Structures are given as structure tokens and as C-alpha cells.
file structure.pdb (PDB, C-alpha atoms)
ATOM      1  CA  MET A  49      32.176 -57.102 -27.042
ATOM      2  CA  LYS A  50      34.664 -56.158 -24.312
ATOM      3  CA  TYR A  51      32.465 -54.613 -21.611
ATOM      4  CA  SER A  52      28.825 -54.929 -20.585
ATOM      5  CA  ILE A  53      27.795 -52.320 -18.011
ATOM      6  CA  ILE A  54      24.698 -53.452 -16.106
ATOM      7  CA  VAL A  55      23.012 -50.580 -14.266
ATOM      8  CA  LEU A  56      20.635 -51.801 -11.539
ATOM      9  CA  LEU A  57      18.124 -48.947 -11.487
ATOM     10  CA  GLU A  58      16.158 -49.366  -8.256
ATOM     11  CA  ASP A  59      15.623 -45.793  -7.076
ATOM     12  CA  PRO A  60      14.834 -42.819  -9.338
ATOM     13  CA  HIS A  61      17.335 -39.968  -9.171
ATOM     14  CA  ALA A  62      17.082 -36.728 -11.127
ATOM     15  CA  ASP A  63      20.673 -36.952 -12.357
ATOM     16  CA  PHE A  64      20.415 -40.559 -13.532
ATOM     17  CA  SER A  65      20.843 -39.612 -17.195
ATOM     18  CA  GLN A  66      24.041 -37.722 -16.311
ATOM     19  CA  PHE A  67      25.328 -40.813 -14.525
ATOM     20  CA  VAL A  68      24.753 -42.903 -17.660
ATOM     21  CA  LYS A  69      26.505 -40.258 -19.769
ATOM     22  CA  ASN A  70      29.487 -40.383 -17.393
ATOM     23  CA  LEU A  71      29.630 -44.162 -17.752
ATOM     24  CA  HIS A  72      29.521 -43.786 -21.529
ATOM     25  CA  ASP A  73      32.400 -41.280 -21.469
ATOM     26  CA  VAL A  74      34.553 -43.485 -19.210
ATOM     27  CA  PHE A  75      34.309 -46.501 -21.476
ATOM     28  CA  ALA A  76      34.406 -44.549 -24.732
ATOM     29  CA  THR A  77      37.820 -43.152 -23.819
ATOM     30  CA  ARG A  78      39.211 -46.668 -23.247
ATOM     31  CA  GLY A  79      38.780 -47.495 -26.927
ATOM     32  CA  ASP A  80      37.146 -50.913 -26.352
ATOM     33  CA  SER A  81      33.693 -51.985 -27.458
ATOM     34  CA  PHE A  82      31.014 -51.729 -24.771
ATOM     35  CA  GLU A  83      27.289 -51.695 -24.122
ATOM     36  CA  ILE A  84      25.169 -50.258 -21.293
ATOM     37  CA  LEU A  85      22.227 -52.320 -20.076
ATOM     38  CA  ILE A  86      19.779 -50.495 -17.791
ATOM     39  CA  MET A  87      17.649 -52.848 -15.669
ATOM     40  CA  ALA A  88      14.814 -50.739 -14.210
ATOM     41  CA  ASN A  89      13.515 -52.541 -11.136
ATOM     42  CA  GLY A  90       9.901 -51.453 -10.735
ATOM     43  CA  THR A  91      10.535 -47.707 -11.147
ATOM     44  CA  GLY A  92       7.394 -47.053 -13.191
ATOM     45  CA  GLY A  93       7.764 -44.633 -16.095
ATOM     46  CA  PHE A  94      10.954 -43.063 -14.742
ATOM     47  CA  LEU A  95      13.237 -44.933 -17.155
ATOM     48  CA  ARG A  96      11.241 -43.946 -20.231
ATOM     49  CA  ASN A  97      11.444 -40.285 -19.222
ATOM     50  CA  GLN A  98      15.200 -40.549 -18.734
ATOM     51  CA  LEU A  99      15.739 -42.247 -22.082
ATOM     52  CA  THR A 100      14.586 -39.108 -23.885
ATOM     53  CA  LYS A 101      17.685 -37.409 -22.421
ATOM     54  CA  LEU A 102      19.937 -40.181 -23.723
ATOM     55  CA  GLN A 103      18.865 -40.259 -27.378
ATOM     56  CA  GLY A 104      22.370 -39.493 -28.602
ATOM     57  CA  PHE A 105      23.658 -42.709 -27.005
ATOM     58  CA  ASN A 106      21.082 -45.133 -28.380
ATOM     59  CA  HIS A 107      23.756 -47.170 -30.158
ATOM     60  CA  ALA A 108      25.278 -48.195 -26.821
ATOM     61  CA  ILE A 109      22.240 -48.474 -24.541
ATOM     62  CA  LYS A 110      19.753 -51.294 -23.991
ATOM     63  CA  ALA A 111      16.926 -50.661 -21.544
ATOM     64  CA  PHE A 112      14.743 -53.219 -19.750
ATOM     65  CA  GLU A 113      11.953 -52.570 -17.284
ATOM     66  CA  PHE A 114      10.452 -54.870 -14.655
ATOM     67  CA  ASN A 115       6.787 -54.051 -14.021
ATOM     68  CA  THR A 116       7.048 -55.003 -10.357
ATOM     69  CA  LYS A 117       9.861 -54.784  -7.825
ATOM     70  CA  THR A 118      12.095 -57.841  -7.788
ATOM     71  CA  THR A 119      15.452 -58.753  -6.260
ATOM     72  CA  GLN A 120      18.903 -57.580  -7.299
ATOM     73  CA  ALA A 121      19.901 -61.135  -8.202
ATOM     74  CA  VAL A 122      17.022 -61.454 -10.680
ATOM     75  CA  CYS A 123      17.931 -58.121 -12.304
ATOM     76  CA  LEU A 124      21.583 -59.099 -12.536
ATOM     77  CA  GLN A 125      20.838 -62.516 -14.008
ATOM     78  CA  ALA A 126      18.457 -60.952 -16.545
ATOM     79  CA  GLY A 127      21.133 -58.430 -17.502
ATOM     80  CA  LEU A 128      23.695 -61.207 -17.830
ATOM     81  CA  LYS A 129      21.413 -63.093 -20.199
ATOM     82  CA  GLU A 130      21.077 -60.025 -22.435
ATOM     83  CA  SER A 131      24.747 -59.039 -22.275
ATOM     84  CA  SER A 132      27.436 -59.735 -24.867
ATOM     85  CA  GLY A 133      30.583 -58.497 -23.104
ATOM     86  CA  GLU A 134      33.438 -60.566 -21.738
ATOM     87  CA  THR A 135      33.642 -58.315 -18.667
ATOM     88  CA  ILE A 136      30.611 -57.302 -16.592
ATOM     89  CA  VAL A 137      30.515 -53.967 -14.786
ATOM     90  CA  ALA A 138      27.594 -53.849 -12.340
ATOM     91  CA  CYS A 139      26.580 -50.674 -10.534
ATOM     92  CA  GLY A 140      23.598 -49.112  -8.790
ATOM     93  CA  SER A 141      21.223 -46.251  -9.520
ATOM     94  CA  TYR A 142      23.752 -43.458  -9.020
ATOM     95  CA  GLN A 143      27.483 -42.853  -9.326
ATOM     96  CA  GLN A 144      29.259 -43.960  -6.136
ATOM     97  CA  ILE A 145      32.879 -43.644  -7.297
ATOM     98  CA  THR A 146      34.726 -41.175  -9.524
ATOM     99  CA  ASN A 147      35.405 -41.672 -13.233
ATOM    100  CA  ASP A 148      39.122 -42.159 -12.574
ATOM    101  CA  SER A 149      38.272 -44.862 -10.032
ATOM    102  CA  PHE A 150      36.347 -46.787 -12.690
ATOM    103  CA  ASN A 151      39.484 -46.826 -14.818
ATOM    104  CA  GLN A 152      41.571 -48.023 -11.861
ATOM    105  CA  LEU A 153      39.203 -50.923 -11.269
ATOM    106  CA  LEU A 154      39.162 -51.915 -14.943
ATOM    107  CA  ASP A 155      42.960 -51.828 -15.110
ATOM    108  CA  ALA A 156      43.154 -54.027 -12.002
ATOM    109  CA  LEU A 157      40.911 -56.624 -13.654
ATOM    110  CA  ASP A 158      43.166 -56.685 -16.700
ATOM    111  CA  GLU A 159      46.089 -57.577 -14.422
ATOM    112  CA  GLY A 160      44.702 -61.053 -13.799
ATOM    113  CA  ALA A 161      41.908 -60.854 -11.225
ATOM    114  CA  ASP A 162      38.473 -62.377 -11.816
ATOM    115  CA  ILE A 163      36.410 -59.992  -9.712
ATOM    116  CA  ILE A 164      37.221 -56.512  -8.429
ATOM    117  CA  SER A 165      35.558 -54.975  -5.390
ATOM    118  CA  PRO A 166      36.119 -51.266  -4.651
ATOM    119  CA  TRP A 167      37.109 -49.948  -1.225
ATOM    120  CA  ARG A 168      35.863 -46.376  -1.056
ATOM    121  CA  GLN A 169      38.251 -43.808   0.382
ATOM    122  CA  GLY A 170      37.414 -40.264   1.448
ATOM    123  CA  ARG A 171      33.829 -41.172   2.298
ATOM    124  CA  VAL A 172      31.385 -38.309   1.795
ATOM    125  CA  ASP A 173      28.281 -39.849   3.369
ATOM    126  CA  PRO A 174      27.190 -38.880   6.925
ATOM    127  CA  GLY A 175      29.370 -40.071   9.789
ATOM    128  CA  PHE A 176      26.685 -42.296  11.322
ATOM    129  CA  ASN A 177      26.161 -44.076   7.989
ATOM    130  CA  GLN A 178      29.913 -44.652   7.783
ATOM    131  CA  PHE A 179      29.837 -46.062  11.324
ATOM    132  CA  GLN A 180      27.040 -48.493  10.433
ATOM    133  CA  SER A 181      28.871 -49.543   7.280
ATOM    134  CA  LYS A 182      32.060 -50.151   9.253
ATOM    135  CA  ILE A 183      30.231 -52.294  11.830
ATOM    136  CA  PHE A 184      28.597 -54.332   9.063
ATOM    137  CA  ASN A 185      31.824 -54.904   7.133
ATOM    138  CA  THR A 186      33.835 -55.716  10.266
ATOM    139  CA  PHE A 187      31.235 -58.260  11.381
ATOM    140  CA  VAL A 188      31.199 -59.892   7.934
ATOM    141  CA  ARG A 189      34.984 -59.887   7.733
ATOM    142  CA  ARG A 190      35.347 -61.617  11.120
ATOM    143  CA  LEU A 191      32.511 -64.097  10.621
ATOM    144  CA  LEU A 192      33.270 -65.095   7.032
ATOM    145  CA  LYS A 193      37.073 -64.851   7.269
ATOM    146  CA  THR A 194      37.392 -62.434   4.349
ATOM    147  CA  ASN A 195      39.747 -59.495   3.760
ATOM    148  CA  LEU A 196      37.168 -57.259   2.046
ATOM    149  CA  HIS A 197      36.460 -53.900   3.684
ATOM    150  CA  ASP A 198      33.588 -52.394   1.669
ATOM    151  CA  LEU A 199      30.854 -54.795   0.603
ATOM    152  CA  SER A 200      28.318 -51.950   0.763
ATOM    153  CA  CYS A 201      29.527 -50.395  -2.501
ATOM    154  CA  THR A 202      27.233 -51.336  -5.380
ATOM    155  CA  VAL A 203      30.022 -51.286  -8.002
ATOM    156  CA  LYS A 204      31.402 -54.720  -8.868
ATOM    157  CA  ILE A 205      33.549 -55.635 -11.901
ATOM    158  CA  PHE A 206      34.007 -59.265 -12.880
ATOM    159  CA  ARG A 207      34.537 -61.623 -15.754
ATOM    160  CA  LYS A 208      31.340 -63.032 -17.233
ATOM    161  CA  GLU A 209      32.109 -66.614 -16.194
ATOM    162  CA  VAL A 210      32.146 -65.555 -12.539
ATOM    163  CA  LEU A 211      28.406 -64.923 -12.524
ATOM    164  CA  GLU A 212      27.733 -67.882 -14.816
ATOM    165  CA  ASP A 213      29.389 -70.255 -12.313
ATOM    166  CA  THR A 214      28.194 -68.549  -9.120
ATOM    167  CA  ASN A 215      24.690 -68.832  -7.711
ATOM    168  CA  ILE A 216      23.310 -65.758  -5.976
ATOM    169  CA  TYR A 217      19.717 -65.056  -5.099
ATOM    170  CA  GLY A 218      17.615 -62.480  -3.295
ATOM    171  CA  ASN A 219      19.687 -59.414  -2.428
ATOM    172  CA  MET A 220      22.948 -61.354  -2.049
ATOM    173  CA  TYR A 221      24.561 -59.283  -4.809
ATOM    174  CA  ARG A 222      26.743 -57.405  -2.306
ATOM    175  CA  PHE A 223      28.278 -60.741  -1.210
ATOM    176  CA  LEU A 224      29.220 -61.789  -4.750
ATOM    177  CA  PRO A 225      33.019 -61.404  -4.159
ATOM    178  CA  ILE A 226      32.822 -63.744  -1.144
ATOM    179  CA  VAL A 227      30.789 -66.384  -2.974
ATOM    180  CA  ALA A 228      33.074 -66.129  -6.028
ATOM    181  CA  ALA A 229      36.182 -66.525  -3.862
ATOM    182  CA  GLN A 230      34.640 -69.662  -2.369
ATOM    183  CA  LYS A 231      34.388 -71.020  -5.920
ATOM    184  CA  GLY A 232      38.087 -70.387  -6.501
ATOM    185  CA  PHE A 233      37.919 -67.125  -8.462
ATOM    186  CA  LYS A 234      40.599 -64.513  -7.805
ATOM    187  CA  THR A 235      39.134 -61.586  -5.877
ATOM    188  CA  LYS A 236      40.923 -58.265  -5.474
ATOM    189  CA  GLU A 237      39.953 -55.151  -3.528
ATOM    190  CA  ILE A 238      41.093 -51.805  -4.915
ATOM    191  CA  LYS A 239      41.046 -48.484  -3.079
ATOM    192  CA  CYS A 240      39.112 -45.844  -4.989
ATOM    193  CA  GLN A 241      37.715 -42.371  -4.434
ATOM    194  CA  HIS A 242      34.174 -42.005  -3.106
ATOM    195  CA  PHE A 243      32.056 -39.672  -5.232
ATOM    196  CA  GLN A 244      28.614 -39.434  -3.616
ATOM    197  CA  GLU A 245      26.077 -41.351  -1.544
ATOM    198  CA  ARG A 246      22.298 -41.364  -1.747
ATOM    199  CA  GLY A 247      19.475 -43.032   0.120
ATOM    200  CA  GLU A 248      18.497 -42.997   3.770
ATOM    201  CA  THR A 249      20.602 -41.452   6.502
ATOM    202  CA  GLY A 250      20.589 -42.294  10.184
ATOM    203  CA  PHE A 251      18.775 -45.373  11.428
ATOM    204  CA  TYR A 252      17.097 -47.634   8.896
ATOM    205  CA  ALA A 253      13.890 -49.587   9.467
ATOM    206  CA  LEU A 254      14.197 -52.503  11.896
ATOM    207  CA  SER A 255      13.295 -54.909   9.069
ATOM    208  CA  ASP A 256      16.374 -53.741   7.135
ATOM    209  CA  TYR A 257      18.697 -54.699   9.992
ATOM    210  CA  VAL A 258      16.974 -58.060  10.456
ATOM    211  CA  THR A 259      17.151 -58.796   6.717
ATOM    212  CA  ARG A 260      20.829 -57.846   6.583
ATOM    213  CA  LEU A 261      21.587 -60.108   9.559
ATOM    214  CA  ILE A 262      19.724 -63.009   7.946
ATOM    215  CA  ASP A 263      21.656 -62.453   4.699
ATOM    216  CA  ILE A 264      24.972 -62.583   6.588
ATOM    217  CA  PHE A 265      24.148 -65.868   8.310
ATOM    218  CA  THR A 266      22.798 -67.293   5.047
ATOM    219  CA  ILE A 267      26.131 -66.577   3.358
ATOM    220  CA  PHE A 268      27.947 -67.987   6.398
ATOM    221  CA  PHE A 269      25.998 -71.250   6.120
ATOM    222  CA  ASN A 270      26.276 -71.452   2.324
ATOM    223  CA  THR A 271      30.040 -70.913   2.293
ATOM    224  CA  ARG A 272      30.893 -73.107   5.280
ATOM    225  CA  PHE A 273      28.276 -75.846   5.579
ATOM    226  CA  ILE A 274      26.318 -76.156   2.314
ATOM    227  CA  LYS A 275      28.012 -79.497   1.558
ATOM    228  CA  LYS A 276      28.116 -80.683   5.183
ATOM    229  CA  PRO A 277      24.909 -79.547   6.921
ATOM    230  CA  LEU A 278      25.153 -82.372   9.458
ATOM    231  CA  ARG A 279      28.275 -80.756  10.950
ATOM    232  CA  PHE A 280      26.434 -77.497  11.541
ATOM    233  CA  PHE A 281      23.164 -78.905  12.860
ATOM    234  CA  SER A 282      24.840 -81.612  14.910
ATOM    235  CA  SER A 283      26.909 -78.903  16.643
ATOM    236  CA  VAL A 284      23.726 -76.992  17.467
ATOM    237  CA  GLY A 285      21.995 -80.214  18.509
ATOM    238  CA  LEU A 286      24.891 -81.358  20.690
ATOM    239  CA  GLY A 287      25.021 -78.003  22.464
ATOM    240  CA  SER A 288      21.286 -78.098  23.140
ATOM    241  CA  LEU A 289      21.466 -81.724  24.276
ATOM    242  CA  LEU A 290      24.292 -80.988  26.717
ATOM    243  CA  ILE A 291      22.358 -78.064  28.211
ATOM    244  CA  GLY A 292      19.311 -80.305  28.665
ATOM    245  CA  LEU A 293      21.357 -83.073  30.299
ATOM    246  CA  PHE A 294      23.079 -80.593  32.609
ATOM    247  CA  ILE A 295      19.735 -79.185  33.803
ATOM    248  CA  THR A 296      18.408 -82.745  34.277
ATOM    249  CA  PHE A 297      21.480 -83.669  36.315
ATOM    250  CA  TYR A 298      21.043 -80.553  38.467
ATOM    251  CA  VAL A 299      17.350 -81.302  39.116
ATOM    252  CA  PHE A 300      18.012 -84.884  40.194
ATOM    253  CA  VAL A 301      20.949 -83.843  42.386
ATOM    254  CA  GLU A 302      18.555 -81.533  44.204
ATOM    255  CA  LYS A 303      16.044 -84.388  44.419
ATOM    256  CA  PHE A 304      18.380 -86.987  45.937
ATOM    257  CA  PHE A 305      20.588 -84.766  48.114
ATOM    258  CA  MET A 306      18.286 -81.887  49.119
ATOM    259  CA  GLY A 307      14.897 -83.557  48.997
ATOM    260  CA  HIS A 308      13.356 -81.123  46.518
ATOM    261  CA  PRO A 309      10.415 -82.542  44.545
ATOM    262  CA  VAL A 310      10.852 -83.186  40.807
ATOM    263  CA  GLY A 311       7.355 -83.398  39.390
ATOM    264  CA  ASP A 312       6.425 -79.736  39.738
ATOM    265  CA  ARG A 313       9.795 -78.285  38.696
ATOM    266  CA  PRO A 314       9.726 -75.992  35.601
ATOM    267  CA  ALA A 315      13.444 -76.724  35.239
ATOM    268  CA  LEU A 316      12.640 -80.335  34.345
ATOM    269  CA  LEU A 317      10.364 -79.186  31.502
ATOM    270  CA  LEU A 318      13.110 -76.863  30.329
ATOM    271  CA  ALA A 319      15.569 -79.762  30.328
ATOM    272  CA  ILE A 320      13.189 -81.906  28.280
ATOM    273  CA  PHE A 321      12.740 -79.023  25.831
ATOM    274  CA  PHE A 322      16.512 -78.688  25.256
ATOM    275  CA  ILE A 323      16.945 -82.458  24.868
ATOM    276  CA  VAL A 324      14.129 -82.706  22.299
ATOM    277  CA  LEU A 325      15.466 -79.610  20.492
ATOM    278  CA  GLY A 326      18.930 -81.186  20.306
ATOM    279  CA  VAL A 327      17.591 -84.429  18.853
ATOM    280  CA  GLN A 328      15.479 -82.545  16.301
ATOM    281  CA  ALA A 329      18.404 -80.340  15.231
ATOM    282  CA  ALA A 330      20.583 -83.402  14.670
ATOM    283  CA  SER A 331      17.729 -85.021  12.696
ATOM    284  CA  VAL A 332      17.438 -81.942  10.455
ATOM    285  CA  GLY A 333      21.197 -82.089   9.834
ATOM    286  CA  LEU A 334      20.988 -85.767   8.918
ATOM    287  CA  LEU A 335      18.112 -85.071   6.534
ATOM    288  CA  GLY A 336      20.087 -82.205   4.965
ATOM    289  CA  GLU A 337      23.109 -84.470   4.586
ATOM    290  CA  ILE A 338      21.021 -87.059   2.742
ATOM    291  CA  ILE A 339      19.540 -84.413   0.419
ATOM    292  CA  THR A 340      22.984 -82.951  -0.242
ATOM    293  CA  PHE A 341      24.430 -86.350  -1.053
ATOM    294  CA  THR A 342      21.617 -87.389  -3.396
ATOM    295  CA  GLN A 343      20.894 -84.051  -5.109
ATOM    296  CA  GLY A 344      24.020 -81.912  -4.759
ATOM    297  CA  ARG A 345      26.927 -84.266  -5.335
ATOM    298  CA  HIS A 346      27.120 -83.362  -9.043
ATOM    299  CA  LYS A 347      27.069 -79.628  -8.357
ATOM    300  CA  LYS A 348      30.307 -77.934  -9.404
ATOM    301  CA  GLU A 349      32.193 -76.485  -6.426
ATOM    302  CA  TYR A 350      35.355 -75.266  -8.124
ATOM    303  CA  THR A 351      36.788 -73.539 -11.163
ATOM    304  CA  ILE A 352      39.752 -74.616 -13.267
ATOM    305  CA  GLU A 353      41.972 -71.710 -14.215
ATOM    306  CA  LYS A 354      43.716 -73.534 -17.048
ATOM    307  CA  LYS A 355      44.629 -76.998 -18.228
ATOM    308  CA  ILE A 356      48.321 -77.797 -18.426
TER     309      ILE A 356
END
call {"tool": "encode", "arguments": {"input": "structure.pdb", "output": "C-alpha cells"}}
result
Amino acid sequence: MKYSIIVLLEDPHADFSQFVKNLHDVFATRGDSFEILIMANGTGGFLRNQLTKLQGFNHAIKAFEFNTKTTQAVCLQAGLKESSGETIVACGSYQQITNDSFNQLLDALDEGADIISPWRQGRVDPGFNQFQSKIFNTFVRRLLKTNLHDLSCTVKIFRKEVLEDTNIYGNMYRFLPIVAAQKGFKTKEIKCQHFQERGETGFYALSDYVTRLIDIFTIFFNTRFIKKPLRFFSSVGLGSLLIGLFITFYVFVEKFFMGHPVGDRPALLLAIFFIVLGVQAASVGLLGEIITFTQGRHKKEYTIEKKI
């Protein structure tokens, strides 16, 4: 099997069956063997109703339904386990890029890349949504030192071994190209034409922004400090310790040179708080370092392209 298309069905859309038909047409014209795996993530009976519209494509479609809502990573891993293709094409509940763009991405993968991430051009979603997406991608690009411009697109194309050797969890699916690049896989971003956008417009719920921020810092920690947690926590601890010592020095300077009392100063309690926080942060880093050394030293951190 050449291609396995994993459709992460999370939100019901009336034209979902047409989207699946478009996917079928794109891959049928390429002349390679393929299969379409639909992973319905807690959508109720929506998938079963849509399957009646896809009866002519039963030979190419496998459908799976989760009774309750789960994470994108679980759906993707379940689809990977059921897939037979050498190349995985993952996409969301609706068509985000044009049919021609799918072909461009597939051709780019055949040229030697391991994972392809689309960069949507000619965006058709509302201007404020584009602004939020740009802020998110710019922040990620600066923080994680990556060259990717459009992590918000749900379409990702990669070789099967990329997901087999890369650990993602929760809703970290959008960061898969970054995690794969950290493992040594070749990541390429290809400009493609935006087709449509669904979902919320304007401001999202506050919890969505908080969750997205936590995801970004989780990826930052996992890609930079997962094997050296002491370096991260000791930096935090040292900063806190220095703040505490500076406040302590200031309080005692006021005591000895200005005659201000020390015992009833809130600043002294604040200094003690920062000093204790610094020591605890360094202790957490040391504990993490021990766990990493004893449990994670056999974990594979790289990929070998070929043996010479």
C-alpha cells in the first residue's frame, strides 16, 4: 500500500462526504494504491449517516468511531495502527487546501523529505483569525527556532516511520513537524492554495488560549530540555535565588545604614520566599535529571537515514 489517508473527524460538517470523495479522486488519479481511514472522534451517529453517501467507495474506506471524545494524538496513533500505507496523509474534518495542493505536497515528499507541512496562501478565513494565526506561528517560530509558518493547518504528510519513532500526545499533532525535525527527520514546508476554513471566528474561549500556550511551552521544554531538566530548573532556581538574595541585601542595608527595623518587614518574607523557591526549583531539576538518567538513557533520540 502506497498511501494511507487518516481523516481526523472531530466536528460534523454537512459536506464531509464530498470531502472524502475529493480525497478519493485525488489519490485515484495518481495511480498508486491507497486507503482512507476515517477516525470519528466522539461525533455520535454522524459518521454512520455519512457512510451511506459513500457506498460506492467501500473498497477504499475504513471507518472507526470513538464513543467518547479523545485527543488528536490517540486518534492518529489508532489510525496508524490500522494503516497499511508507506506514506501517511493526515487531515482534519474538512478540506483546507485545494486538490492540486494535495498533489504538490505528495510530489514534494517523493523528492526526499520525510514530513511535509503546508503553508497556506491566499487565506480565505476572516482577517482576525488570520491575525491570531500569524501571532501564534510567529511566537512558535521565535521560541522554538523553527522556519515553519503555518502549524495551524491540519494537513500533514509524512512517512510512516516518522510517527512510529516520534512520541506525540494530547493535542500536540500540530507540532509534529517540529518534534520530527528534533529527531532528525527532514521537514519541508510547501506553499499551497487555501481552500476553505471552518470553526469559530473572532475570539476563542479563554481556556483555548491557555491550553495553546501550555502546549507551546510543553514543546519548548520537550525539544530543548527533556534530556537535561537540571539545566532548565537550575536556571529558574538561580534566578529566583538571586532575587531573594538581592532583596535580603537591600533589607539589611536599610537596617544597618538607615536604622529601619527588620522583623516586621514584608520584604524579608518575600526574600525568604524567593530563596526557598529557588532551592526547590533546583531540587526538582536534580530529581528530573536522576529520573532521566535512570529511565530515559535508552530512549532513542535520533534516526539513521542509511548505513554506508
call {"tool": "residues_around", "arguments": {"input": "structure.pdb", "residues": "Arg207 (chain A)", "least_positions_apart": "6", "cutoff": "8 Å", "atoms": "only C-alpha atoms", "output": "PDB file with C-alpha atoms, in the coordinates of the input"}}
result
ATOM      1  CA  GLU A 134      33.438 -60.566 -21.738  1.00  0.00           C
ATOM      2  CA  THR A 135      33.642 -58.315 -18.667  1.00  0.00           C
ATOM      3  CA  ILE A 136      30.611 -57.302 -16.592  1.00  0.00           C
ATOM      4  CA  ASP A 162      38.473 -62.377 -11.816  1.00  0.00           C
ATOM      5  CA  ILE A 163      36.410 -59.992  -9.712  1.00  0.00           C
TER       6      ILE A 163
END
call {"tool": "resolve_selection", "arguments": {"input": "structure.pdb", "expression": "the PyMOL selection byres ((chain A and resi 261) around 12)", "output": "list of chain:residue names"}}
result
A:Ile183, A:Phe184, A:Asn185, A:Phe187, A:Val188, A:Leu191, A:Met220, A:Leu254, A:Ser255, A:Asp256, A:Tyr257, A:Val258, A:Thr259, A:Arg260, A:Ile262, A:Asp263, A:Ile264, A:Phe265, A:Thr266, A:Ile267, A:Phe268
call {"tool": "closest_residue", "arguments": {"input": "structure.pdb", "among": "A:Ile145, A:Val74, A:Leu192, A:Ile53", "to": "Gly170 (chain A)", "atoms": "all atoms listed in the file"}}
result
A:Ile145
call {"tool": "atom_distance", "arguments": {"input": "structure.pdb", "atom1": "CA of Ile323 (chain A)", "atom2": "CA of Ser288 (chain A)"}}
result
6.4 Å
call {"tool": "residues_around", "arguments": {"input": "structure.pdb", "residues": "Gly90 (chain A)", "least_positions_apart": "5", "cutoff": "6 Å", "atoms": "all atoms listed in the file", "output": "short mmCIF file (atom, residue, chain, number, x, y, z; two decimals) with C-alpha atoms, in the frame of the given file"}}
result
data_model
loop_
_atom_site.label_atom_id
_atom_site.label_comp_id
_atom_site.auth_asym_id
_atom_site.auth_seq_id
_atom_site.Cartn_x
_atom_site.Cartn_y
_atom_site.Cartn_z
CA PHE A 114 10.45 -54.87 -14.66
CA ASN A 115 6.79 -54.05 -14.02
CA THR A 116 7.05 -55.00 -10.36
CA LYS A 117 9.86 -54.78 -7.82
#
call {"tool": "resolve_selection", "arguments": {"input": "structure.pdb", "expression": "the PyMOL selection byres ((chain A and resi 203) around 6)", "output": "PyMOL selection string"}}
result
chain A and resi 138-139+201-202+204
call {"tool": "write_last_selection", "arguments": {"input": "structure.pdb", "atoms": "C-alpha atoms", "output": "compact mmCIF listing (two decimals), in the coordinates of the input"}}
result
# COMPACT_ATOMS: atom_id res chain seq x y z
CA ALA A 138 27.59 -53.85 -12.34
CA CYS A 139 26.58 -50.67 -10.53
CA CYS A 201 29.53 -50.40 -2.50
CA THR A 202 27.23 -51.34 -5.38
CA LYS A 204 31.40 -54.72 -8.87
call {"tool": "closest_residue", "arguments": {"input": "structure.pdb", "among": "A:Gln120, A:Asn177, A:Ser331, A:Thr296", "to": "Ser141 (chain A)", "atoms": "only C-alpha atoms"}}
result
A:Gln120
call {"tool": "closest_residue", "arguments": {"input": "structure.pdb", "among": "A:Ser165, A:Gln98, A:Thr77, A:Thr91", "to": "Glu113 (chain A)", "atoms": "all atoms listed in the file"}}
result
A:Thr91
call {"tool": "residues_around", "arguments": {"input": "structure.pdb", "residues": "Met49 (chain A)", "least_positions_apart": "6", "cutoff": "10 Å", "atoms": "all atoms listed in the file", "output": "VMD selection string"}}
result
chain A and resid 80 to 83 131 to 135
call {"tool": "atom_distance", "arguments": {"input": "structure.pdb", "atom1": "CA of Glu58 (chain A)", "atom2": "CA of Asn89 (chain A)"}}
result
5.0 Å
